[in-house]
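Working notes, beginning with the structure itself.
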Amino acid sequence: MRLDQRLIAQMIEPRTRVLDIGSGDGSLIDHLFRSRGCDARGIELNMQLVTRSVAHGLPVMHGDADHDLAHYPDHAFDYVVLQRTLQAVENPREVLRQMLRIGRHAIVSFPNFGHWQLRLKLLFSGRMPMTAVWHTPWYETPNIHPCTIRDFLELCRQDGYIVEQWMAVDEEGERAPWRRSIRLANLFGEQALFLLRRRGA
């Protein structure tokens, strides 16, 4: 599994109900089922990945975050996971709202567009930056809503979501020195993970 998937798995309590949005090849679902006894299922836009997941016995359906979450009942899951997909959906705010309607908790991971390398590359080259995390050219990228850690926290504040846990990491999993500082996290964290719940939930 990718680093962010391993960290997401650590945020999820054993034997809980989990929906993984943008489940990819099903690695996280498989791990949660085998290692944590979770009732985990997924939805995925890429039909090839859906077919591969189903062929391995994983409960994955074809669907997308922007249109299909509205069909799920309230409080159907303990955790709803959106891994590295927030920046690629049409309406991130509505997707987050739906996640916290159908789940008690939402776990979101996304690449941080505020990372210092991206800032410098854009400043000195005048072109859209590319890194190990942001690795497709602007004309092919699915990332239509890049955001920074501070942007995401502001959205959570506006919509009244409680951040129960957060972390910013680089691709190797290093967290210091930005473990407690949002400003340092926004500058040095290549990707971010957030565990959210609704106020009063």
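Naming works like this for the structure tokens: A, B, ... for the chains as they're shown, residue 1 at the start of each chain, ligands 1 onward in shown order.
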
| message | I need the residues of stretch 6-155 of chain A that end up classed as strand (DSSP E) by DSSP on the backbone, written out as a ChimeraX atom specification. | response | /A:17-21,39-44,60-62,77-83,103-111

**Q.** Within 12 Å of A:Gln158 using only C-alpha atoms, minus same-chain residues under 4 positions, as an MDAnalysis selection string
**A.** chainID A and resid 93 97 151:154 162 199

Hey, could you make a per-residue contact list for stretch 47-97 of chain A against stretch 22-31 of chain A with 8 Å as the cut-off, showing the nearest pair of atoms and its distance in Å to one decimal, counting only C-alpha atoms, sorted by chain and number, as CSV?
```
residue,atom,partner,partner_atom,distance
A:Leu49,CA,A:Asp25,CA,5.3
A:Val50,CA,A:Asp25,CA,7.2
A:Arg52,CA,A:Asp25,CA,6.7
A:Ser53,CA,A:Gly26,CA,5.6
A:Leu58,CA,A:Gly26,CA,6.9
A:Val60,CA,A:Gly26,CA,7.6
A:Asp64,CA,A:Gly22,CA,7.4
A:Ala65,CA,A:Gly22,CA,7.6
A:Leu82,CA,A:Gly22,CA,6.6
A:Gln83,CA,A:Gly22,CA,6.8
A:Thr85,CA,A:Gly22,CA,6.7
```

For this session: Taking the chain letters and numbering used in this document, name the residues of stretch 2-151 of chain A that DSSP puts in alpha helix (DSSP H), as a PyMOL selection string.
Result: chain A and resi 3-11+27-36+47-55+65-68+92-102+116-125+149-151

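If you count only C-alpha atoms and ignore residues fewer than 6 places along the chain from A:Asp170, what sits within 7 Å of it is Gly189, Glu190 and Gln191 of chain A.
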
Atoms kept (all heavy atoms) for selection, written as a short mmCIF file (atom, residue, chain, number, x, y, z; two decimals), in the first residue's frame:
```cif
data_model
loop_
_atom_site.label_atom_id
_atom_site.label_comp_id
_atom_site.auth_asym_id
_atom_site.auth_seq_id
_atom_site.Cartn_x
_atom_site.Cartn_y
_atom_site.Cartn_z
N GLY A 189 4.92 19.77 4.12
CA GLY A 189 4.18 18.53 3.92
C GLY A 189 3.81 18.32 2.45
O GLY A 189 3.16 19.17 1.86
N GLU A 190 4.22 17.21 1.87
CA GLU A 190 3.86 16.92 0.48
C GLU A 190 2.42 16.44 0.35
O GLU A 190 1.78 16.65 -0.67
CB GLU A 190 4.81 15.86 -0.10
CG GLU A 190 6.20 16.39 -0.37
CD GLU A 190 7.06 15.36 -1.06
OE1 GLU A 190 7.72 14.56 -0.36
OE2 GLU A 190 7.07 15.33 -2.31
N GLN A 191 1.94 15.76 1.39
CA GLN A 191 0.55 15.32 1.38
C GLN A 191 -0.01 15.45 2.79
O GLN A 191 0.72 15.45 3.77
CB GLN A 191 0.43 13.89 0.86
CG GLN A 191 1.29 12.87 1.56
CD GLN A 191 1.19 11.51 0.91
OE1 GLN A 191 0.11 11.07 0.57
NE2 GLN A 191 2.31 10.85 0.75
#
```

Write out as a PyMOL selection string the residues lying within 12 Å of A:Ser109, counting only C-alpha atoms and excluding same-chain residues fewer than 4 positions away. chain A and resi 2-9+11+20-22+80-88+96+147-149+152+165-169+189-196

Shell around A:Pro146 at 7 Å using only C-alpha atoms, local window under 2 positions removed, as a PyMOL selection string = chain A and resi 87+113+143-144

Emit the selected residues as a tab-separated table (two decimals), in the first residue's frame, including N, CA, C and O atoms.
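Contents of out09.tsv, freshly written:
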```
chain	number	residue	atom	x	y	z
A	87	GLN	N	-8.92	16.66	-4.81
A	87	GLN	CA	-8.53	17.67	-5.79
A	87	GLN	C	-9.03	17.35	-7.20
A	87	GLN	O	-8.94	18.17	-8.10
A	113	PHE	N	-0.74	21.51	-2.26
A	113	PHE	CA	-0.23	22.42	-3.28
A	113	PHE	C	0.56	23.58	-2.67
A	113	PHE	O	1.13	24.38	-3.40
A	143	ASN	N	-6.39	16.69	-11.71
A	143	ASN	CA	-6.46	17.55	-10.53
A	143	ASN	C	-6.99	18.94	-10.90
A	143	ASN	O	-6.23	19.81	-11.30
A	144	ILE	N	-8.30	19.12	-10.75
A	144	ILE	CA	-8.92	20.37	-11.17
A	144	ILE	C	-9.12	21.35	-10.01
A	144	ILE	O	-9.43	22.51	-10.23
```

Just want the 9 Å neighbourhood of A:Arg17, counted on only C-alpha atoms, with same-chain residues fewer than 2 positions away dropped. Output as an MDAnalysis selection string. chainID A and resid 15 19 38:41 76:80 103

Write the residues you've just listed into a file as a PDB file, in the first residue's frame, and include N, CA, C and O atoms for each of them.
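Result file is result_7.pdb:
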```
ATOM      1  N   ARG A  15     -13.203  -3.548  13.060  1.00  0.00           N
ATOM      2  CA  ARG A  15     -14.582  -4.031  12.995  1.00  0.00           C
ATOM      3  C   ARG A  15     -15.602  -2.903  12.805  1.00  0.00           C
ATOM      4  O   ARG A  15     -16.658  -2.882  13.435  1.00  0.00           O
ATOM      5  N   LEU A  19     -16.509   2.918   3.829  1.00  0.00           N
ATOM      6  CA  LEU A  19     -16.670   3.128   2.386  1.00  0.00           C
ATOM      7  C   LEU A  19     -15.440   3.862   1.887  1.00  0.00           C
ATOM      8  O   LEU A  19     -15.115   4.940   2.385  1.00  0.00           O
ATOM      9  N   CYS A  38     -12.729  -5.155   9.245  1.00  0.00           N
ATOM     10  CA  CYS A  38     -13.726  -4.156   8.865  1.00  0.00           C
ATOM     11  C   CYS A  38     -14.652  -4.674   7.770  1.00  0.00           C
ATOM     12  O   CYS A  38     -14.263  -5.504   6.943  1.00  0.00           O
ATOM     13  N   ASP A  39     -15.870  -4.172   7.772  1.00  0.00           N
ATOM     14  CA  ASP A  39     -16.797  -4.363   6.659  1.00  0.00           C
ATOM     15  C   ASP A  39     -16.511  -3.223   5.684  1.00  0.00           C
ATOM     16  O   ASP A  39     -17.099  -2.149   5.774  1.00  0.00           O
ATOM     17  N   ALA A  40     -15.554  -3.434   4.790  1.00  0.00           N
ATOM     18  CA  ALA A  40     -15.058  -2.370   3.903  1.00  0.00           C
ATOM     19  C   ALA A  40     -15.505  -2.623   2.477  1.00  0.00           C
ATOM     20  O   ALA A  40     -15.434  -3.754   1.981  1.00  0.00           O
ATOM     21  N   ARG A  41     -15.945  -1.573   1.827  1.00  0.00           N
ATOM     22  CA  ARG A  41     -16.353  -1.640   0.414  1.00  0.00           C
ATOM     23  C   ARG A  41     -15.918  -0.368  -0.290  1.00  0.00           C
ATOM     24  O   ARG A  41     -15.546   0.600   0.376  1.00  0.00           O
ATOM     25  N   ALA A  76     -24.715   5.476   7.130  1.00  0.00           N
ATOM     26  CA  ALA A  76     -24.568   4.089   6.671  1.00  0.00           C
ATOM     27  C   ALA A  76     -23.203   3.506   7.031  1.00  0.00           C
ATOM     28  O   ALA A  76     -23.054   2.280   7.077  1.00  0.00           O
ATOM     29  N   PHE A  77     -22.220   4.372   7.306  1.00  0.00           N
ATOM     30  CA  PHE A  77     -20.855   3.914   7.553  1.00  0.00           C
ATOM     31  C   PHE A  77     -20.271   4.603   8.785  1.00  0.00           C
ATOM     32  O   PHE A  77     -20.707   5.687   9.174  1.00  0.00           O
ATOM     33  N   ASP A  78     -19.278   3.948   9.355  1.00  0.00           N
ATOM     34  CA  ASP A  78     -18.529   4.568  10.446  1.00  0.00           C
ATOM     35  C   ASP A  78     -17.463   5.515   9.894  1.00  0.00           C
ATOM     36  O   ASP A  78     -17.213   6.574  10.476  1.00  0.00           O
ATOM     37  N   TYR A  79     -16.843   5.107   8.789  1.00  0.00           N
ATOM     38  CA  TYR A  79     -15.808   5.920   8.136  1.00  0.00           C
ATOM     39  C   TYR A  79     -16.066   5.969   6.641  1.00  0.00           C
ATOM     40  O   TYR A  79     -16.363   4.943   6.020  1.00  0.00           O
ATOM     41  N   VAL A  80     -15.924   7.153   6.065  1.00  0.00           N
ATOM     42  CA  VAL A  80     -15.937   7.312   4.611  1.00  0.00           C
ATOM     43  C   VAL A  80     -14.596   7.917   4.235  1.00  0.00           C
ATOM     44  O   VAL A  80     -14.202   8.964   4.755  1.00  0.00           O
ATOM     45  N   GLY A 103     -21.455   9.041   6.716  1.00  0.00           N
ATOM     46  CA  GLY A 103     -20.504   8.437   7.641  1.00  0.00           C
ATOM     47  C   GLY A 103     -20.350   9.258   8.914  1.00  0.00           C
ATOM     48  O   GLY A 103     -20.507  10.480   8.895  1.00  0.00           O
TER      49      GLY A 103
END
```

Would you kindly return, as a PyMOL selection string, each protein, DNA or RNA residue with an atom no farther than 7 Å from any atom of A:Gly114, considering only C-alpha atoms and excluding same-chain residues fewer than 5 positions away? chain A and resi 119+148+186-187

Prev. selection, N, CA and C atoms, output as a short mmCIF file (atom, residue, chain, number, x, y, z; two decimals), in the first residue's frame:
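New file again.cif:
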```cif
data_model
loop_
_atom_site.label_atom_id
_atom_site.label_comp_id
_atom_site.auth_asym_id
_atom_site.auth_seq_id
_atom_site.Cartn_x
_atom_site.Cartn_y
_atom_site.Cartn_z
N ARG A 119 5.94 25.87 -4.70
CA ARG A 119 6.00 27.34 -4.68
C ARG A 119 7.21 27.85 -5.44
N THR A 148 -4.26 23.80 -0.67
CA THR A 148 -3.22 23.70 0.34
C THR A 148 -3.84 23.22 1.65
N ASN A 186 2.07 23.22 6.10
CA ASN A 186 1.68 23.74 4.79
C ASN A 186 2.88 23.97 3.88
N LEU A 187 4.02 24.26 4.50
CA LEU A 187 5.23 24.53 3.73
C LEU A 187 6.00 23.26 3.39
#
```

Using only C-alpha atoms, the shortest atom-to-atom distance to A:His135 among A:Ile182, A:Val54, A:Ile102, A:Leu118 belongs to A:Leu118

Atom CA of A:Arg36 to atom CA of A:Val18 measures 11.1 Å

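If you measure from each of A:Met130, A:Leu69, A:Val163, A:Ile43 to A:Met99 using only C-alpha atoms, the closest one turns out to be A:Leu69.
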
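Candidate residues A:Arg101, A:Gly63, A:His75, A:Phe188 were compared for distance to A:His115, and the nearest is A:Phe188, using only C-alpha atoms.
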